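Take a look at the structure below.
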Amino acid sequence: MPEPYEPFDDGRAIDHTGAGGATDLAMEEAETLEKTPGGPLGTGPTGKPRSLWSDAWHDLSRNPVFIISSLIILFLVVIAIWPQLIASGDPLQCDLSKAQEGSQPGHPFGFNGQGCDVYTRTVYGARASVQVGVFATLGVTIIGSLFGGLAGFFGGAWDGVLSRITDVFFAIPVILGGLVLLSVVTSTTVWPVIGFMVLLGWPQLSRIARGSVITAKQNDYVQAARALGASNSRMLLRHITPNALAPVIVVATIALGTYISLEATLSFLGVGLKPPTVSWGIDISSASQYIRNAPHMLLWPAGALAITVLSFIMLGDAVRDALDPKLR
């Protein structure tokens with residue numbers, strides 16, 4: 001005869017056969033997990049599934065690479081808007097008697113070949129570089145996403161014409177195109193350089209947007225919306241665009257650092273930004289001939305440029321890892 005079960009102190013009873021007790025405990029543990037504030041993996045505080053964007057932000061907020069690169073970029077943006085916060089001097093005020101001299105009190109980076117304060121010029125140089133990178137990226141993203149998205153959605157003749165146009169632009173070398181197109185420009189503003197980057201940069205984003213839209217419009221929810229009679233504008237704005245933006249955002253974030261580097265390269269070659277505009281590329285170009293006698297003239301603007309480009313590339317890599325479901 002099996003022994004009768006004995007009650008526990010808390011009033012619960014478990015049969016000595018083992019079946020009923022294990023089941024009861026498992027059910028109680030499951031109820032406890034359901035009441036946990038965070039919920040199961042991939043759900044929000046209320047237990048509802050998180051969207052792609054909220055899930056991506058959840059990963060980014062815990063990624064040290066994203067946090068460090070974001071802080072550096074935020075600092076660069078702040079000093080680009082208000083450089084006088086950390087540099088009280090005038091970047092165009094020079095004293096030839098101090099040309100090529102090293103660090104001095106109040107001038108930690110020394111002086112360049114014209115006797116200008118390298119520290120002040122390095123701080124003010126962030127404005128032109130960030131301005132070129134941001135506006136060039138915005139222009140490339142808007143134009144490329146618009147043309148590429150429409151080509152991917154409608155296909156047919158529109159897609160064929162756009163593909164041939166992008167092939168033509170891809171055949172133009174960027175540096176050679178800059179030497180040809182910008183050599184005839186006499187403006188000292190940043191807008192000719194931005195226009196050149198947008199002109200040769202939008203085909204890359206258009207191909208990314210085209211492929212992303214083609215992939216998104218084949219999903220079941222888009223086909224269901226089409227079967228229910230949804231208009232093309234509704235499918236594009238409500239169903240396709242939110243789910244096709246991730247690759248475009250990743251490429252645009254990485255491209256921003258590339259455009260800053262391209263501006264410095266064109267300015268170094270003498271066809272990008274021109275004096276009196278303060279630019280890291282201009283300072284690197286003027287300091288290259290004094291690299292043996294006064295290496296500090298080249299070190300600081302080149303270091304600022306390298307840190308800026310690296311920060312945007314690191315930010316783009318972190319965003320890519322967060323938005324790509326295959327990497328989870």
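Lettering and numbering for the structure tokens are positional, with chains as A, B, ... in the shown order, residues counted from 1 in each chain, and ligands counted from 1 in the shown order.
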
Which residues of region 252-304 of chain A have any atom within 10 Å of an atom in region 163-176 of chain A when counting only C-alpha atoms, and what is the closest pair of atoms for each, with the distance in Å to one decimal? Order the rows by chain and rising number and write it as a Markdown table.
| residue | atom | partner | partner_atom | distance |
| --- | --- | --- | --- | --- |
| A:Leu262 | CA | A:Ile175 | CA | 8.4 |
| A:Thr265 | CA | A:Ile175 | CA | 8.4 |
| A:Leu266 | CA | A:Ile175 | CA | 7.4 |
| A:Leu269 | CA | A:Ile175 | CA | 9.5 |

For the structure I just gave you, how does DSSP split region 245-275 of chain A - specifically, which residues are helix (DSSP H, G or I)? Reply as a short mmCIF file (atom, residue, chain, number, x, y, z; two decimals) with N, CA and C atoms, in the first residue's frame.
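For reference, result_37.cif as written:
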data_model
loop_
_atom_site.label_atom_id
_atom_site.label_comp_id
_atom_site.auth_asym_id
_atom_site.auth_seq_id
_atom_site.Cartn_x
_atom_site.Cartn_y
_atom_site.Cartn_z
N LEU A 245 13.81 50.96 -43.88
CA LEU A 245 14.70 52.05 -43.50
C LEU A 245 16.00 51.59 -42.87
N ALA A 246 15.99 50.42 -42.23
CA ALA A 246 17.16 50.01 -41.44
C ALA A 246 18.45 49.97 -42.26
N PRO A 247 18.50 49.30 -43.43
CA PRO A 247 19.75 49.30 -44.20
C PRO A 247 20.18 50.70 -44.64
N VAL A 248 19.22 51.56 -44.96
CA VAL A 248 19.54 52.92 -45.39
C VAL A 248 20.17 53.71 -44.25
N ILE A 249 19.64 53.57 -43.05
CA ILE A 249 20.18 54.28 -41.89
C ILE A 249 21.60 53.82 -41.59
N VAL A 250 21.84 52.52 -41.68
CA VAL A 250 23.17 51.99 -41.40
C VAL A 250 24.19 52.53 -42.40
N VAL A 251 23.87 52.46 -43.68
CA VAL A 251 24.80 52.94 -44.71
C VAL A 251 25.02 54.45 -44.59
N ALA A 252 23.96 55.19 -44.31
CA ALA A 252 24.10 56.64 -44.19
C ALA A 252 24.97 57.03 -43.00
N THR A 253 24.85 56.30 -41.89
CA THR A 253 25.65 56.61 -40.71
C THR A 253 27.14 56.40 -40.99
N ILE A 254 27.45 55.28 -41.64
CA ILE A 254 28.86 55.02 -41.98
C ILE A 254 29.35 56.00 -43.04
N ALA A 255 28.48 56.35 -44.00
CA ALA A 255 28.88 57.26 -45.08
C ALA A 255 29.19 58.66 -44.56
N LEU A 256 28.59 59.06 -43.44
CA LEU A 256 28.84 60.39 -42.90
C LEU A 256 30.32 60.58 -42.58
N GLY A 257 30.91 59.58 -41.93
CA GLY A 257 32.35 59.65 -41.67
C GLY A 257 33.17 59.64 -42.95
N THR A 258 32.69 58.90 -43.94
CA THR A 258 33.40 58.85 -45.22
C THR A 258 33.40 60.20 -45.91
N TYR A 259 32.28 60.93 -45.83
CA TYR A 259 32.20 62.24 -46.47
C TYR A 259 33.10 63.26 -45.76
N ILE A 260 33.23 63.15 -44.45
CA ILE A 260 34.16 64.03 -43.74
C ILE A 260 35.59 63.76 -44.20
N SER A 261 35.93 62.51 -44.34
CA SER A 261 37.26 62.15 -44.83
C SER A 261 37.46 62.61 -46.27
N LEU A 262 36.42 62.50 -47.10
CA LEU A 262 36.52 62.94 -48.50
C LEU A 262 36.72 64.44 -48.58
N GLU A 263 36.03 65.20 -47.72
CA GLU A 263 36.22 66.65 -47.71
C GLU A 263 37.65 67.02 -47.37
N ALA A 264 38.23 66.33 -46.38
CA ALA A 264 39.61 66.60 -46.00
C ALA A 264 40.57 66.25 -47.14
N THR A 265 40.27 65.16 -47.84
CA THR A 265 41.13 64.76 -48.96
C THR A 265 41.09 65.80 -50.08
N LEU A 266 39.88 66.25 -50.43
CA LEU A 266 39.75 67.25 -51.49
C LEU A 266 40.38 68.58 -51.08
N SER A 267 40.22 68.95 -49.80
CA SER A 267 40.86 70.19 -49.32
C SER A 267 42.37 70.05 -49.32
N PHE A 268 42.87 68.88 -48.99
CA PHE A 268 44.32 68.65 -49.02
C PHE A 268 44.86 68.80 -50.44
#

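Our summary of the geometry notes that CA of Trp191 (chain A) is positioned 20.6 Å from CA of Pro83 (chain A).
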
For this session: Tell me which protein, DNA and RNA residues are within 10 Å of Asn63 (chain A), counting only C-alpha atoms, leaving out same-chain ones fewer than 3 positions away, and put them as a PyMOL selection string.
Result: chain A and resi 57-60+66-68+318-319+321-322

I need the residues from that last selection saved to file as an mmCIF file, in the first residue's frame (with N, CA, C and O atoms), if you can.
data_model
loop_
_atom_site.group_PDB
_atom_site.id
_atom_site.type_symbol
_atom_site.label_atom_id
_atom_site.label_comp_id
_atom_site.auth_asym_id
_atom_site.auth_seq_id
_atom_site.Cartn_x
_atom_site.Cartn_y
_atom_site.Cartn_z
ATOM 1 N N TRP A 57 17.083 49.800 -29.965
ATOM 2 C CA TRP A 57 17.502 50.764 -28.952
ATOM 3 C C TRP A 57 17.872 50.060 -27.644
ATOM 4 O O TRP A 57 18.792 50.497 -26.941
ATOM 5 N N HIS A 58 17.172 48.989 -27.325
ATOM 6 C CA HIS A 58 17.502 48.212 -26.128
ATOM 7 C C HIS A 58 18.930 47.682 -26.220
ATOM 8 O O HIS A 58 19.676 47.685 -25.232
ATOM 9 N N ASP A 59 19.343 47.229 -27.405
ATOM 10 C CA ASP A 59 20.708 46.724 -27.583
ATOM 11 C C ASP A 59 21.727 47.859 -27.622
ATOM 12 O O ASP A 59 22.818 47.753 -27.051
ATOM 13 N N LEU A 60 21.370 48.965 -28.306
ATOM 14 C CA LEU A 60 22.315 50.072 -28.432
ATOM 15 C C LEU A 60 22.615 50.723 -27.082
ATOM 16 O O LEU A 60 23.760 51.112 -26.817
ATOM 17 N N PHE A 66 28.675 51.968 -28.976
ATOM 18 C CA PHE A 66 27.691 52.981 -29.347
ATOM 19 C C PHE A 66 27.729 54.159 -28.382
ATOM 20 O O PHE A 66 27.667 55.322 -28.796
ATOM 21 N N ILE A 67 27.839 53.886 -27.100
ATOM 22 C CA ILE A 67 27.834 54.951 -26.099
ATOM 23 C C ILE A 67 29.065 55.844 -26.262
ATOM 24 O O ILE A 67 28.958 57.077 -26.265
ATOM 25 N N ILE A 68 30.241 55.236 -26.408
ATOM 26 C CA ILE A 68 31.475 56.026 -26.531
ATOM 27 C C ILE A 68 31.467 56.856 -27.809
ATOM 28 O O ILE A 68 31.770 58.057 -27.795
ATOM 29 N N ALA A 318 27.792 49.818 -34.849
ATOM 30 C CA ALA A 318 26.902 49.484 -33.735
ATOM 31 C C ALA A 318 25.440 49.497 -34.164
ATOM 32 O O ALA A 318 24.662 48.615 -33.776
ATOM 33 N N VAL A 319 25.064 50.473 -34.976
ATOM 34 C CA VAL A 319 23.686 50.531 -35.471
ATOM 35 C C VAL A 319 23.390 49.349 -36.377
ATOM 36 O O VAL A 319 22.308 48.751 -36.326
ATOM 37 N N ASP A 321 24.750 46.346 -36.223
ATOM 38 C CA ASP A 321 24.597 45.144 -35.387
ATOM 39 C C ASP A 321 23.248 45.115 -34.691
ATOM 40 O O ASP A 321 22.668 44.047 -34.469
ATOM 41 N N ALA A 322 22.730 46.295 -34.333
ATOM 42 C CA ALA A 322 21.446 46.345 -33.616
ATOM 43 C C ALA A 322 20.249 46.160 -34.541
ATOM 44 O O ALA A 322 19.235 45.612 -34.134
#

Problem set entry | Spatial neighbours of region 193-204 of chain A, max dist 8 Å, only C-alpha atoms, sep filter under 5 positions, as a PyMOL selection string | chain A and resi 132+135-137+139-141+143-144+166+169-170+174+178+181-182+259+263+272-273

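Close contacts of Phe154 (chain A), defined as residues with an atom at most 12 Å away when counting only C-alpha atoms, with chain neighbours fewer than 3 positions off set aside, comprise Phe147, Gly148, Gly149, Leu150, Ala151, Ala157, Trp158, Asp159, Gly160, Leu162, Arg210, Val213, Ile214, Lys217, Asn232, Ser233, Met235 and Leu236 of chain A.
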
Limited to all heavy atoms, could you put the picked residues into a file as a short mmCIF file (atom, residue, chain, number, x, y, z; two decimals), in the first residue's frame?
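The resulting selection-v4.cif:
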data_model
loop_
_atom_site.label_atom_id
_atom_site.label_comp_id
_atom_site.auth_asym_id
_atom_site.auth_seq_id
_atom_site.Cartn_x
_atom_site.Cartn_y
_atom_site.Cartn_z
N PHE A 147 14.55 58.09 -55.02
CA PHE A 147 14.65 57.46 -56.33
C PHE A 147 14.73 55.94 -56.22
O PHE A 147 14.06 55.21 -56.96
CB PHE A 147 15.88 57.99 -57.07
CG PHE A 147 15.72 59.41 -57.55
CD1 PHE A 147 16.81 60.15 -57.98
CD2 PHE A 147 14.47 60.02 -57.58
CE1 PHE A 147 16.67 61.45 -58.42
CE2 PHE A 147 14.32 61.31 -58.02
CZ PHE A 147 15.42 62.04 -58.43
N GLY A 148 15.55 55.45 -55.31
CA GLY A 148 15.69 54.01 -55.17
C GLY A 148 14.42 53.33 -54.68
O GLY A 148 14.07 52.25 -55.14
N GLY A 149 13.73 53.98 -53.72
CA GLY A 149 12.49 53.40 -53.22
C GLY A 149 11.41 53.33 -54.28
O GLY A 149 10.71 52.31 -54.40
N LEU A 150 11.26 54.39 -55.07
CA LEU A 150 10.26 54.37 -56.14
C LEU A 150 10.60 53.34 -57.21
O LEU A 150 9.72 52.65 -57.73
CB LEU A 150 10.13 55.77 -56.76
CG LEU A 150 9.56 56.85 -55.84
CD1 LEU A 150 9.56 58.20 -56.54
CD2 LEU A 150 8.15 56.49 -55.39
N ALA A 151 11.88 53.24 -57.55
CA ALA A 151 12.30 52.25 -58.55
C ALA A 151 12.05 50.83 -58.05
O ALA A 151 11.59 49.97 -58.81
CB ALA A 151 13.78 52.44 -58.89
N ALA A 157 10.02 50.11 -66.36
CA ALA A 157 10.86 51.06 -67.08
C ALA A 157 11.56 52.02 -66.12
O ALA A 157 12.73 52.38 -66.33
CB ALA A 157 10.02 51.85 -68.08
N TRP A 158 10.87 52.43 -65.05
CA TRP A 158 11.48 53.33 -64.08
C TRP A 158 12.71 52.70 -63.46
O TRP A 158 13.75 53.35 -63.31
CB TRP A 158 10.45 53.69 -63.02
CG TRP A 158 10.98 54.53 -61.91
CD1 TRP A 158 11.48 54.09 -60.73
CD2 TRP A 158 11.09 55.96 -61.89
NE1 TRP A 158 11.89 55.15 -59.95
CE2 TRP A 158 11.67 56.31 -60.64
CE3 TRP A 158 10.76 56.97 -62.78
CZ2 TRP A 158 11.90 57.63 -60.28
CZ3 TRP A 158 10.99 58.28 -62.41
CH2 TRP A 158 11.56 58.60 -61.19
N ASP A 159 12.61 51.45 -63.11
CA ASP A 159 13.74 50.74 -62.51
C ASP A 159 14.89 50.60 -63.51
O ASP A 159 16.06 50.77 -63.16
CB ASP A 159 13.28 49.37 -62.03
CG ASP A 159 14.34 48.67 -61.19
OD1 ASP A 159 15.30 49.33 -60.77
OD2 ASP A 159 14.20 47.46 -60.96
N GLY A 160 14.56 50.30 -64.76
CA GLY A 160 15.60 50.16 -65.76
C GLY A 160 16.35 51.45 -66.03
O GLY A 160 17.59 51.45 -66.13
N LEU A 162 16.66 54.08 -63.97
CA LEU A 162 17.45 54.44 -62.81
C LEU A 162 18.71 53.58 -62.70
O LEU A 162 19.78 54.08 -62.35
CB LEU A 162 16.62 54.29 -61.54
CG LEU A 162 17.34 54.67 -60.25
CD1 LEU A 162 17.58 56.18 -60.19
CD2 LEU A 162 16.57 54.22 -59.02
N ARG A 210 16.63 50.64 -53.05
CA ARG A 210 15.91 49.81 -54.02
C ARG A 210 15.85 48.36 -53.58
O ARG A 210 14.78 47.73 -53.58
CB ARG A 210 16.60 49.92 -55.39
CG ARG A 210 16.06 48.97 -56.45
CD ARG A 210 16.85 49.09 -57.73
NE ARG A 210 16.42 48.10 -58.71
CZ ARG A 210 16.91 46.87 -58.80
NH1 ARG A 210 17.87 46.48 -57.94
NH2 ARG A 210 16.48 46.04 -59.71
N VAL A 213 13.54 47.94 -50.50
CA VAL A 213 12.11 48.03 -50.82
C VAL A 213 11.64 46.78 -51.56
O VAL A 213 10.54 46.26 -51.30
CB VAL A 213 11.84 49.30 -51.65
CG1 VAL A 213 10.43 49.28 -52.24
CG2 VAL A 213 12.03 50.54 -50.80
N ILE A 214 12.45 46.27 -52.46
CA ILE A 214 12.07 45.05 -53.18
C ILE A 214 11.88 43.89 -52.20
O ILE A 214 10.95 43.08 -52.31
CB ILE A 214 13.12 44.70 -54.25
CG1 ILE A 214 13.07 45.72 -55.39
CG2 ILE A 214 12.90 43.29 -54.80
CD1 ILE A 214 14.15 45.51 -56.44
N LYS A 217 8.55 44.60 -50.03
CA LYS A 217 7.25 44.49 -50.69
C LYS A 217 6.86 43.06 -51.00
O LYS A 217 5.71 42.80 -51.38
CB LYS A 217 7.25 45.33 -51.99
CG LYS A 217 7.98 44.70 -53.16
CD LYS A 217 7.80 45.54 -54.41
CE LYS A 217 8.44 44.88 -55.63
NZ LYS A 217 8.25 45.69 -56.86
N ASN A 232 -1.22 52.53 -53.37
CA ASN A 232 0.24 52.47 -53.42
C ASN A 232 0.87 53.39 -52.37
O ASN A 232 1.88 53.03 -51.74
CB ASN A 232 0.73 52.86 -54.81
CG ASN A 232 0.40 51.81 -55.85
OD1 ASN A 232 0.26 50.63 -55.54
ND2 ASN A 232 0.30 52.23 -57.11
N SER A 233 0.31 54.58 -52.20
CA SER A 233 0.87 55.51 -51.22
C SER A 233 0.74 54.96 -49.80
O SER A 233 1.67 55.10 -48.99
CB SER A 233 0.16 56.86 -51.32
OG SER A 233 -1.23 56.72 -51.08
N MET A 235 0.63 51.74 -48.92
CA MET A 235 1.57 50.62 -48.76
C MET A 235 3.00 51.14 -48.60
O MET A 235 3.77 50.60 -47.80
CB MET A 235 1.46 49.68 -49.96
CG MET A 235 0.20 48.82 -49.95
SD MET A 235 0.23 47.52 -51.20
CE MET A 235 0.13 48.51 -52.69
N LEU A 236 3.35 52.19 -49.35
CA LEU A 236 4.70 52.73 -49.25
C LEU A 236 4.95 53.37 -47.89
O LEU A 236 5.99 53.14 -47.26
CB LEU A 236 4.93 53.75 -50.36
CG LEU A 236 5.44 53.23 -51.70
CD1 LEU A 236 5.44 54.33 -52.75
CD2 LEU A 236 6.85 52.65 -51.55
#

Exercise. Separation of CA of Pro301 (chain A) and CA of Thr186 (chain A), in Å?
Worked result: 24.3 Å

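As for CA of Asp55 (chain A) and CA of Asn243 (chain A), they are spaced 13.8 Å apart.
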
Problem set entry | Residue among A:Asn112, A:Thr215, A:Gln223, A:Ser279 lying closest to Ile291 (chain A), counting only C-alpha atoms | A:Asn112

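If you count only C-alpha atoms and ignore residues fewer than 2 places along the chain from Ala304 (chain A), what sits within 10 Å of it is Leu76, Thr122, Val123, Gly125, Ala126, Trp280, Leu299, Trp300, Pro301, Ala302, Ala306, Ile307, Thr308, Val309 and Leu310 of chain A.
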
Saved selection, atoms kept: C-alpha atoms, as a short mmCIF file (atom, residue, chain, number, x, y, z; two decimals), in the first residue's frame:
data_model
loop_
_atom_site.label_atom_id
_atom_site.label_comp_id
_atom_site.auth_asym_id
_atom_site.auth_seq_id
_atom_site.Cartn_x
_atom_site.Cartn_y
_atom_site.Cartn_z
CA LEU A 76 32.07 67.36 -31.85
CA THR A 122 41.69 72.57 -34.72
CA VAL A 123 38.60 73.43 -32.67
CA GLY A 125 37.94 73.16 -38.04
CA ALA A 126 35.29 70.83 -36.64
CA TRP A 280 41.28 70.17 -41.01
CA LEU A 299 49.55 65.87 -35.61
CA TRP A 300 46.60 67.69 -34.06
CA PRO A 301 44.33 68.34 -37.08
CA ALA A 302 45.09 64.87 -38.44
CA ALA A 306 40.94 60.42 -37.53
CA ILE A 307 38.96 60.40 -34.26
CA THR A 308 35.92 61.95 -35.96
CA VAL A 309 35.87 59.51 -38.87
CA LEU A 310 36.47 56.55 -36.55
#
